[in-house]
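> Have a look at this one before I ask anything.
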Amino acid sequence: MMNKKTLVWFRQDLRLSDNPALYQAVLNGSVLAIYILDEQKNKDISMGAASMWWLHHSLTKLASSLDNKLNFYKGDAKKIILKLIKEYSIDGVYWNRCYEPARVEQDAEIKNLLIHAGIDCQDFNASLLWEPELVLKSDKTPYKVFTPFYRNGCLSAQAPRIPLEKPKKLNLVKDPVHAIDLDDLGLLKNKLPAFLAEQDWIIGEDGAQDVLATFIQKPLENYKEGRNVPAKKNVSRLSPYLHFGEISPNQAWYAAKNRGFVSASLGNNVDCFLSELGWREFSHSLLYNFPDLPRKNFQSKFDSFPWRNNQQLLTAWQQGQTGYPIIDAGMRELLQTGYMHNRVRMIVGSFLVKNLLLHWHHGADWFWDRLVDADLANNSASWQWIAGSGADAAPYFRIFNPVTQGEKFDTDGVYTKRFLPELAALPSKYLFSPWEVKEPILREAGVILGKTYPWPIIDLKASRSNALEAFKSLSTEIK
DNA sequence: CCTGGAGTTGTCCTA
DNA sequence: TTAGGACAACTCCAG
């Protein structure tokens, strides 16, 4: 082993296993492990309260697995790193790449600076299966359609990196001078709903591995169908872990693939799960190649879309008070847990954009603030997808009907009733359209519309045809 | 350069 | 009751 001192800058790679930057640094000798809370002026990467809450606990776990020799700082990353290099005679600075536009920019600047200063500066890919720079069409431009991106761009390229082991022996340097306490990062300063702390998430690398192992072992067997049913536990719930890098996509990829090899009958379900990881890659590729994705319509014809401006409707949506049970259940799941089942995300997204005709920015902002798995690439790409303005987006005439969707995917109402206790006594066959239920049945269930549960805030049929009209106006306008 | 097939997740109407 | 087609038009992508 060499006897060099390497600074490892942790960001969205809060794990020891399959961590290329850490792995390489350890081979060089001792390691100064740091985390910097760089509260950028840039809104793109400033976190919502739920994310900060998650991050705090994730850092707690990481610090403890690093013998409490993870050093915390707050402020400008460039200045802090330069100061540490001087103070501790650092030979090299290693990190794993982040792919948000603001980070890419900042990293390039720092790397440039370090290289000119003669520091051994290396960055690695720890959070994507394929390097977005390399997944290109034969004409060297990025893909804009998922299927060819995934099949031709990803699957037929080199296989993803096999996950690395945890470094065997860590020789860690503690900075007693400049480092501050984790608590002083102030990640818990924002008021959080009390129940968030009582969630059954086990934050951190060990928790992530448990979640993956449990998922692979059983729920994966019925992933393709079960993932659409919010009351079932067939989704992986890996999203926050993947976002913060408590687990790598490579670990998930190979765990699923290997399970598929062992039991061949799983094939369909494994491929389905892998392609969801593929969608994560696609979103990141889009953001990387189209840095305006978080605010700008990917299809510019949507710039003239007649969005409505209505705070009342927006608030009702945010608070889960729309009068449409599947919508309200989803929005309250988000409020109460910082998470929402994927199927329900699509339904509430479609409702905001196509029934309420509110700009997808409102949805993206709300999700960004409330989700523990808030991720710039996934959030931006998915909101544009559901709005129809995105790459390979849902066709405009695909408008989810919250009644049908509820009946179809939450047939016995288990999910909906969990988050809408005021409707718990309503027979499931009436659950998704309470405004059509006869008075005696409502009374029996203790439901008083307008009092214990809202009347629908808009008419489904009328708003649907409104949306179709609005979308039609887009295509005729350009002609 | 041209061409043709394809494009995550739905709904509604009709026969 | 149920299955199939319409719903637009366009852009993307590979050959």
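We name chains A, B, ... following the order of the structure tokens; residues begin at 1 in each chain, and ligands are numbered from 1 as shown.
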Define the interface residues of chain A facing chain B as those within 9 Å, counting only C-alpha atoms (C1' of nucleotides), and report them as a list in words.
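For chain A, the answer reads Val145, Phe146, Thr147, Asn228, Arg343, Met346, Asp392, Ala394, Phe397, Arg398, Ile399, Phe400 and Asn401 of chain A.
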> For N, CA and C atoms, I'd like the residues from the last selection saved as a CSV table (one decimal), in the first residue's frame.

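Written output follows (selection-v3.csv):
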```csv
chain,number,residue,atom,x,y,z
A,145,VAL,N,-35.8,9.0,-27.2
A,145,VAL,CA,-36.9,8.0,-27.0
A,145,VAL,C,-36.4,6.9,-26.2
A,146,PHE,N,-37.2,6.5,-25.2
A,146,PHE,CA,-36.7,5.5,-24.2
A,146,PHE,C,-36.2,4.2,-24.8
A,147,THR,N,-37.1,3.6,-25.6
A,147,THR,CA,-36.8,2.2,-26.0
A,147,THR,C,-35.5,2.1,-26.8
A,228,ASN,N,-48.1,-2.2,-9.8
A,228,ASN,CA,-49.2,-1.2,-10.1
A,228,ASN,C,-50.2,-1.1,-9.0
A,343,ARG,N,-47.6,4.3,-9.1
A,343,ARG,CA,-48.8,4.4,-9.9
A,343,ARG,C,-49.6,5.6,-9.5
A,346,MET,N,-48.5,8.9,-10.9
A,346,MET,CA,-48.9,9.2,-12.3
A,346,MET,C,-50.4,9.7,-12.3
A,392,ASP,N,-40.4,11.6,-25.3
A,392,ASP,CA,-41.1,10.4,-25.4
A,392,ASP,C,-42.3,10.4,-24.4
A,394,ALA,N,-46.1,11.0,-22.6
A,394,ALA,CA,-47.5,10.4,-22.7
A,394,ALA,C,-48.3,11.2,-23.8
A,397,PHE,N,-53.9,12.7,-25.3
A,397,PHE,CA,-55.2,12.1,-25.1
A,397,PHE,C,-55.2,11.1,-24.0
A,398,ARG,N,-54.1,10.8,-23.4
A,398,ARG,CA,-54.0,9.8,-22.3
A,398,ARG,C,-54.2,10.6,-21.0
A,399,ILE,N,-55.5,10.6,-20.6
A,399,ILE,CA,-55.8,11.4,-19.4
A,399,ILE,C,-56.4,10.3,-18.4
A,400,PHE,N,-55.7,10.2,-17.3
A,400,PHE,CA,-56.1,9.2,-16.3
A,400,PHE,C,-57.4,9.6,-15.7
A,401,ASN,N,-58.3,8.6,-15.6
A,401,ASN,CA,-59.5,8.9,-14.9
A,401,ASN,C,-59.4,8.4,-13.4
```
> Near chain C, meaning an atom within 12 Å, which residues of chain A appear when counting only C-alpha atoms (C1' of nucleotides)? Write them as a ChimeraX atom specification.
/A:136-139,141-149,152-153,299,301,391-393,395-399,468,471-476,478-479
> When you look at Trp307 of chain A with a cut-off of 12 Å (counting only C-alpha atoms (C1' of nucleotides)), what residues show up, excluding the ones that are within fewer than 2 positions of it in the same chain? I need them as a PDB file with N, CA and C atoms, in the first residue's frame.

```pdb
ATOM      1  N   PHE A 302     -45.143  23.527 -26.117  1.00  0.00           N
ATOM      2  CA  PHE A 302     -45.906  23.644 -24.881  1.00  0.00           C
ATOM      3  C   PHE A 302     -45.745  25.011 -24.218  1.00  0.00           C
ATOM      4  N   ASP A 303     -44.837  25.810 -24.745  1.00  0.00           N
ATOM      5  CA  ASP A 303     -44.643  27.150 -24.180  1.00  0.00           C
ATOM      6  C   ASP A 303     -45.908  27.982 -24.282  1.00  0.00           C
ATOM      7  N   SER A 304     -46.741  27.646 -25.252  1.00  0.00           N
ATOM      8  CA  SER A 304     -47.959  28.446 -25.418  1.00  0.00           C
ATOM      9  C   SER A 304     -49.190  27.739 -24.850  1.00  0.00           C
ATOM     10  N   PHE A 305     -48.957  26.731 -24.053  1.00  0.00           N
ATOM     11  CA  PHE A 305     -50.101  26.010 -23.485  1.00  0.00           C
ATOM     12  C   PHE A 305     -50.866  26.906 -22.509  1.00  0.00           C
ATOM     13  N   ASN A 309     -54.214  29.543 -13.773  1.00  0.00           N
ATOM     14  CA  ASN A 309     -53.560  30.027 -12.570  1.00  0.00           C
ATOM     15  C   ASN A 309     -54.598  30.061 -11.463  1.00  0.00           C
ATOM     16  N   ASN A 310     -54.530  29.126 -10.542  1.00  0.00           N
ATOM     17  CA  ASN A 310     -55.597  29.069  -9.548  1.00  0.00           C
ATOM     18  C   ASN A 310     -55.057  28.476  -8.253  1.00  0.00           C
ATOM     19  N   LEU A 352     -53.373  16.885 -11.897  1.00  0.00           N
ATOM     20  CA  LEU A 352     -52.934  18.279 -11.759  1.00  0.00           C
ATOM     21  C   LEU A 352     -52.838  18.966 -13.117  1.00  0.00           C
ATOM     22  N   VAL A 353     -52.225  18.238 -14.043  1.00  0.00           N
ATOM     23  CA  VAL A 353     -51.881  18.855 -15.310  1.00  0.00           C
ATOM     24  C   VAL A 353     -53.051  18.851 -16.289  1.00  0.00           C
ATOM     25  N   LYS A 354     -53.784  17.747 -16.322  1.00  0.00           N
ATOM     26  CA  LYS A 354     -54.792  17.600 -17.372  1.00  0.00           C
ATOM     27  C   LYS A 354     -56.216  17.875 -16.911  1.00  0.00           C
ATOM     28  N   ASN A 355     -56.481  17.678 -15.625  1.00  0.00           N
ATOM     29  CA  ASN A 355     -57.824  18.014 -15.159  1.00  0.00           C
ATOM     30  C   ASN A 355     -57.870  19.413 -14.565  1.00  0.00           C
ATOM     31  N   LEU A 356     -56.872  19.729 -13.727  1.00  0.00           N
ATOM     32  CA  LEU A 356     -56.866  21.074 -13.139  1.00  0.00           C
ATOM     33  C   LEU A 356     -56.232  22.098 -14.080  1.00  0.00           C
ATOM     34  N   LEU A 357     -55.528  21.608 -15.092  1.00  0.00           N
ATOM     35  CA  LEU A 357     -54.837  22.482 -16.048  1.00  0.00           C
ATOM     36  C   LEU A 357     -53.848  23.433 -15.363  1.00  0.00           C
ATOM     37  N   LEU A 358     -53.194  22.934 -14.319  1.00  0.00           N
ATOM     38  CA  LEU A 358     -52.158  23.735 -13.659  1.00  0.00           C
ATOM     39  C   LEU A 358     -50.787  23.308 -14.184  1.00  0.00           C
ATOM     40  N   HIS A 359     -49.880  24.250 -14.251  1.00  0.00           N
ATOM     41  CA  HIS A 359     -48.565  24.021 -14.855  1.00  0.00           C
ATOM     42  C   HIS A 359     -47.810  22.905 -14.128  1.00  0.00           C
ATOM     43  N   TRP A 360     -47.118  22.088 -14.890  1.00  0.00           N
ATOM     44  CA  TRP A 360     -46.373  20.982 -14.272  1.00  0.00           C
ATOM     45  C   TRP A 360     -45.297  21.490 -13.312  1.00  0.00           C
ATOM     46  N   HIS A 361     -44.867  22.725 -13.463  1.00  0.00           N
ATOM     47  CA  HIS A 361     -43.912  23.301 -12.492  1.00  0.00           C
ATOM     48  C   HIS A 361     -44.447  23.191 -11.056  1.00  0.00           C
ATOM     49  N   HIS A 362     -45.747  23.433 -10.906  1.00  0.00           N
ATOM     50  CA  HIS A 362     -46.338  23.384  -9.559  1.00  0.00           C
ATOM     51  C   HIS A 362     -46.206  21.986  -8.962  1.00  0.00           C
ATOM     52  N   ALA A 387     -46.986  15.502 -18.249  1.00  0.00           N
ATOM     53  CA  ALA A 387     -47.604  16.698 -18.818  1.00  0.00           C
ATOM     54  C   ALA A 387     -47.720  16.580 -20.335  1.00  0.00           C
ATOM     55  N   ASN A 466     -62.065  19.880 -21.702  1.00  0.00           N
ATOM     56  CA  ASN A 466     -61.280  21.114 -21.677  1.00  0.00           C
ATOM     57  C   ASN A 466     -59.836  20.856 -22.053  1.00  0.00           C
ATOM     58  N   ALA A 467     -59.269  19.831 -21.396  1.00  0.00           N
ATOM     59  CA  ALA A 467     -57.861  19.507 -21.613  1.00  0.00           C
ATOM     60  C   ALA A 467     -57.632  19.125 -23.065  1.00  0.00           C
ATOM     61  N   ALA A 470     -57.568  22.181 -25.081  1.00  0.00           N
ATOM     62  CA  ALA A 470     -56.341  22.951 -24.854  1.00  0.00           C
ATOM     63  C   ALA A 470     -55.160  22.329 -25.599  1.00  0.00           C
ATOM     64  N   PHE A 471     -55.079  21.005 -25.517  1.00  0.00           N
ATOM     65  CA  PHE A 471     -53.962  20.347 -26.183  1.00  0.00           C
ATOM     66  C   PHE A 471     -54.093  20.441 -27.695  1.00  0.00           C
ATOM     67  N   LEU A 474     -52.633  23.499 -29.256  1.00  0.00           N
ATOM     68  CA  LEU A 474     -51.192  23.531 -29.469  1.00  0.00           C
ATOM     69  C   LEU A 474     -50.809  23.160 -30.889  1.00  0.00           C
TER      70      LEU A 474
END
```
> To one decimal place, how far is atom CA of Arg370 of chain A from atom CA of Leu55 of chain A in Å?
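Taking atom CA of Arg370 of chain A and atom CA of Leu55 of chain A, their separation equals 13.4 Å.
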> What are the DSSP helix (DSSP H, G or I) residues of segment 253-313 of chain A, as a PyMOL selection string?
chain A and resi 253-262+264-289+300-304+311-313
> Pick out the residues sitting within 8 Å of Leu277 of chain A, and hand them over as a list of chain:residue names; count only C-alpha atoms (C1' of nucleotides), and ignore anything fewer than 4 positions along from it in its own chain.
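Here the answer would be A:Pro249, A:Trp253, A:Phe273, A:Glu281.
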> Where does DSSP see strand (DSSP E) in segment 120-316 of chain A, if you list the residues as a ChimeraX atom specification?
/A:120-124
> Show which residues sit within 12 Å of Gly207 of chain A, as a PyMOL selection string. Count only C-alpha atoms (C1' of nucleotides), and ignore same-chain residues fewer than 3 positions away.
chain A and resi 15+57-58+61-62+200-204+210-214+237-238+240-242+246-247
> Can you tell me, as a list of chain:residue names, what residues are no more than 10 Å from Tyr254 of chain A when counting only C-alpha atoms (C1' of nucleotides), ignoring any on the same chain fewer than 4 positions away?
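Selected residues are A:Pro160, A:Arg161, A:Ile162, A:Pro163, A:Pro249, A:Asn250, A:Asn258, A:Arg259, A:Gly260, A:Leu274.
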> Give me the residues near Tyr99 of chain A as number ranges by chain, where near means some atom within 9 Å (using only C-alpha atoms (C1' of nucleotides)) and where sequence neighbours in that chain fewer than 6 positions away do not count.
A: 127, 132, 284-285, 287-288, 377
> Would you compute the distance between atom CA of Trp368 of chain A and atom CA of Ser51 of chain A? Give it in Å to one decimal.
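Atom CA of Ser51 of chain A lies 8.6 Å from atom CA of Trp368 of chain A.
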> Quote the spacing between atom CA of Lys429 of chain A and atom CA of Thr411 of chain A in Å to one decimal place.
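A separation of 7.9 Å between them.
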